[in-house]
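So the structure is just underneath, and the comments pick up after that.
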Amino acid sequence: MPIAMNISRNGLVSLIDNEVKARKNLKLPMFRQFKGIIALALNPTDGVVKQTGVHLSHYTWWRTKSFQMSNLKMLQI
Amino acid sequence: MRPLTLIKTLEYYDVPQIFVAADATGTNYLCTLYHHDAERGYLYLGVQISEPRLMAFAGGQLDLRDAYVHPEVENALYVVTAKQEVLTATTLLQPQDITDEMLPETGYFYDASDLADEAESQTDIYQLEVPTHDRITFSTLISRMGWRALSLSNVLKGKAAIL
């Protein structure tokens with residue numbers, strides 16, 4: 001279950017699949033602007049997810065043009 | 001203005017959040033992202049840090065905030081900018097210049113348990129001098145052990161093959 005902390009960049013979204021890790025990242029200065037984390041349920045039509053970055057828990061989500069934020073299912077706040 | 005070279009990204013989210021860079025003298029800087037704007041680029045709080053202390057942080061034994069609040073030497077804190085892939089230590093900071101918004105909260109200990117390049121990080125790199133007459137034997141040994149030779153050049157002062 002991917003956990004997103006930032007949905008701001010055009011098409012590219014960083015995800016973390018480890019809640020403990022995501023919460024720890026909130027201690028970093030740039031994350032102070034965020035209110036917290038959410039868990040998302042993604043559908044195959046929402047785009048492609050691939051492990052990227054330094055940690056295995058980090059993924060990049062390439063959103064499809066058809067993706068609608070309003071259809072995003074937030075499982076947990 | 002002091003140019004820096006990226007050594008290793010330690011934490012990545014959208015962009016590098018924490019990385020290690022070094023200046024021309026080999027001094028390490030532990031850098032944590034605290035601000036971004038279009039004009040100045042990405043701004044990091046950088047602290048000069050010794051190898052043992054850096055290893056303590058990378059090993060999860062040093063709180064990131066402590067690295068900045070309690071630097072090992074005076075005049076160790078800098079604003080480090082990253083813009084158009086150029087890293088520069090720009091402004092020397094005094095402790096009173098550091099605002100809380102620039103600092104990580106207490107309790108950020110680095111987690112190296114799920115590194116994507118863990119297998120690579122467990123690799124040691126050696127430079128060896130091997131007598132020329134053992135070159136074929138040594139090449140065979142490398143092949144049999146599954147080691148990886150970064151380069152194989154020959155003859156240093158006519159006495160050794162350098163792997």
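Each chain in the structure tokens gets a letter, A, B, ..., in the order shown, and its residues are numbered from 1; ligands are numbered from 1 in order too.
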Chain B contacts to chain A at 10 Å (only C-alpha atoms) as a short mmCIF file (atom, residue, chain, number, x, y, z; two decimals) with C-alpha atoms, in the first residue's frame:
data_model
loop_
_atom_site.label_atom_id
_atom_site.label_comp_id
_atom_site.auth_asym_id
_atom_site.auth_seq_id
_atom_site.Cartn_x
_atom_site.Cartn_y
_atom_site.Cartn_z
CA LYS B 8 26.31 10.16 -1.86
CA THR B 9 22.60 10.79 -1.55
CA LEU B 10 21.35 9.40 1.75
CA GLU B 11 17.66 10.30 1.63
CA TYR B 12 15.59 10.93 -1.46
CA TYR B 13 12.04 12.21 -1.76
CA ASP B 14 11.19 14.17 -4.93
CA VAL B 15 14.76 15.48 -4.74
CA PRO B 16 17.72 14.59 -2.50
CA GLN B 17 16.68 15.47 1.04
CA ILE B 18 19.97 14.51 2.70
CA THR B 32 19.82 18.61 4.62
CA LEU B 33 17.27 20.35 2.40
CA TYR B 34 15.33 23.15 4.07
CA HIS B 35 14.09 25.47 1.32
CA HIS B 36 13.49 25.81 -2.38
CA TYR B 44 20.57 22.89 2.17
CA LEU B 45 21.94 23.34 5.64
CA LEU B 64 20.55 14.37 12.48
CA ARG B 65 19.62 17.48 14.46
CA ASP B 100 14.33 26.17 13.67
CA GLU B 101 12.82 25.99 10.18
CA MET B 102 16.26 25.05 8.84
CA LEU B 103 16.74 22.19 11.30
CA PRO B 104 15.31 18.69 11.36
CA GLU B 105 13.22 17.79 14.35
CA THR B 106 14.74 15.75 17.14
CA GLY B 107 14.62 12.02 16.52
CA TYR B 108 15.63 11.59 12.90
CA PHE B 109 18.02 8.66 12.95
CA TYR B 110 19.11 7.39 9.55
CA ASP B 111 17.75 4.02 8.51
CA ALA B 112 20.08 2.01 6.32
CA SER B 113 18.05 -1.18 6.61
CA ASP B 114 16.31 -0.99 3.23
CA LEU B 115 18.90 0.62 0.99
CA ALA B 116 18.36 -0.15 -2.68
CA ASP B 117 22.09 -0.45 -3.29
CA GLU B 118 22.72 -2.56 -0.21
#
Contacts of Met1 (chain B) at 8 Å (only C-alpha atoms; same-chain gap of 3+ positions) as a ChimeraX atom specification: /B:88-91
Can you work out which one of B:Arg40, B:Val86, B:Tyr29, B:Thr99 has the shortest atom-to-atom distance to Ala67 (chain B), counting only C-alpha atoms?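 Closest residue, counting only C-alpha atoms: B:Tyr29.
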Would you mind reading off the distance between CA of Leu30 (chain B) and CA of Pro3 (chain B), one decimal, in Å?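 Taking CA of Leu30 (chain B) as the start and CA of Pro3 (chain B) as the end point, the length is 14.4 Å.
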Assign secondary structure with DSSP using the backbone only, and return the residues of region 23-68 of chain A in helix (DSSP H, G or I) as a PyMOL selection string. chain A and resi 23-25+29-33+44-46
Store the residues picked out above, limited to N, CA and C atoms, as a PDB file, in the first residue's frame.
ATOM      1  N   ARG A  23       6.467   8.552   8.323  1.00  0.00           N
ATOM      2  CA  ARG A  23       6.276   9.432   9.491  1.00  0.00           C
ATOM      3  C   ARG A  23       7.613  10.011   9.959  1.00  0.00           C
ATOM      4  N   LYS A  24       8.669   9.231   9.855  1.00  0.00           N
ATOM      5  CA  LYS A  24       9.977   9.738  10.269  1.00  0.00           C
ATOM      6  C   LYS A  24      10.444  10.865   9.351  1.00  0.00           C
ATOM      7  N   ASN A  25      10.123  10.742   8.070  1.00  0.00           N
ATOM      8  CA  ASN A  25      10.519  11.796   7.135  1.00  0.00           C
ATOM      9  C   ASN A  25       9.871  13.138   7.454  1.00  0.00           C
ATOM     10  N   PRO A  29      13.232  19.087   7.526  1.00  0.00           N
ATOM     11  CA  PRO A  29      12.752  20.473   7.390  1.00  0.00           C
ATOM     12  C   PRO A  29      11.744  20.689   6.264  1.00  0.00           C
ATOM     13  N   MET A  30      11.990  20.106   5.090  1.00  0.00           N
ATOM     14  CA  MET A  30      11.109  20.381   3.953  1.00  0.00           C
ATOM     15  C   MET A  30       9.717  19.782   4.120  1.00  0.00           C
ATOM     16  N   PHE A  31       9.563  18.856   5.049  1.00  0.00           N
ATOM     17  CA  PHE A  31       8.269  18.208   5.231  1.00  0.00           C
ATOM     18  C   PHE A  31       7.410  18.921   6.266  1.00  0.00           C
ATOM     19  N   ARG A  32       7.955  19.997   6.850  1.00  0.00           N
ATOM     20  CA  ARG A  32       7.178  20.717   7.855  1.00  0.00           C
ATOM     21  C   ARG A  32       5.907  21.309   7.258  1.00  0.00           C
ATOM     22  N   GLN A  33       5.948  21.550   5.922  1.00  0.00           N
ATOM     23  CA  GLN A  33       4.787  22.170   5.275  1.00  0.00           C
ATOM     24  C   GLN A  33       3.627  21.191   5.140  1.00  0.00           C
ATOM     25  N   PRO A  44      -4.695   0.334 -11.675  1.00  0.00           N
ATOM     26  CA  PRO A  44      -3.768   0.215 -12.820  1.00  0.00           C
ATOM     27  C   PRO A  44      -3.905   1.381 -13.798  1.00  0.00           C
ATOM     28  N   THR A  45      -5.078   1.952 -13.902  1.00  0.00           N
ATOM     29  CA  THR A  45      -5.288   3.052 -14.844  1.00  0.00           C
ATOM     30  C   THR A  45      -4.737   4.378 -14.325  1.00  0.00           C
ATOM     31  N   ASP A  46      -4.267   4.411 -13.073  1.00  0.00           N
ATOM     32  CA  ASP A  46      -3.763   5.666 -12.491  1.00  0.00           C
ATOM     33  C   ASP A  46      -2.334   5.969 -12.927  1.00  0.00           C
TER      34      ASP A  46
END
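Going from CA of Ala21 (chain B) over to CA of Asn75 (chain B), you cover 17.0 Å.
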Hey, what's within 8 Å of Val48 (chain A) if we count only C-alpha atoms and toss same-chain stuff fewer than 3 positions away? As a list in words, please?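 Contacts, with the query itself left out: Pro44, Trp61, Trp62, Arg63 and Thr64 of chain A.
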Atom pair CA of Ala24 (chain B) / CA of Met55 (chain B): separation (Å):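 Distance between the two atoms: 20.4 Å.
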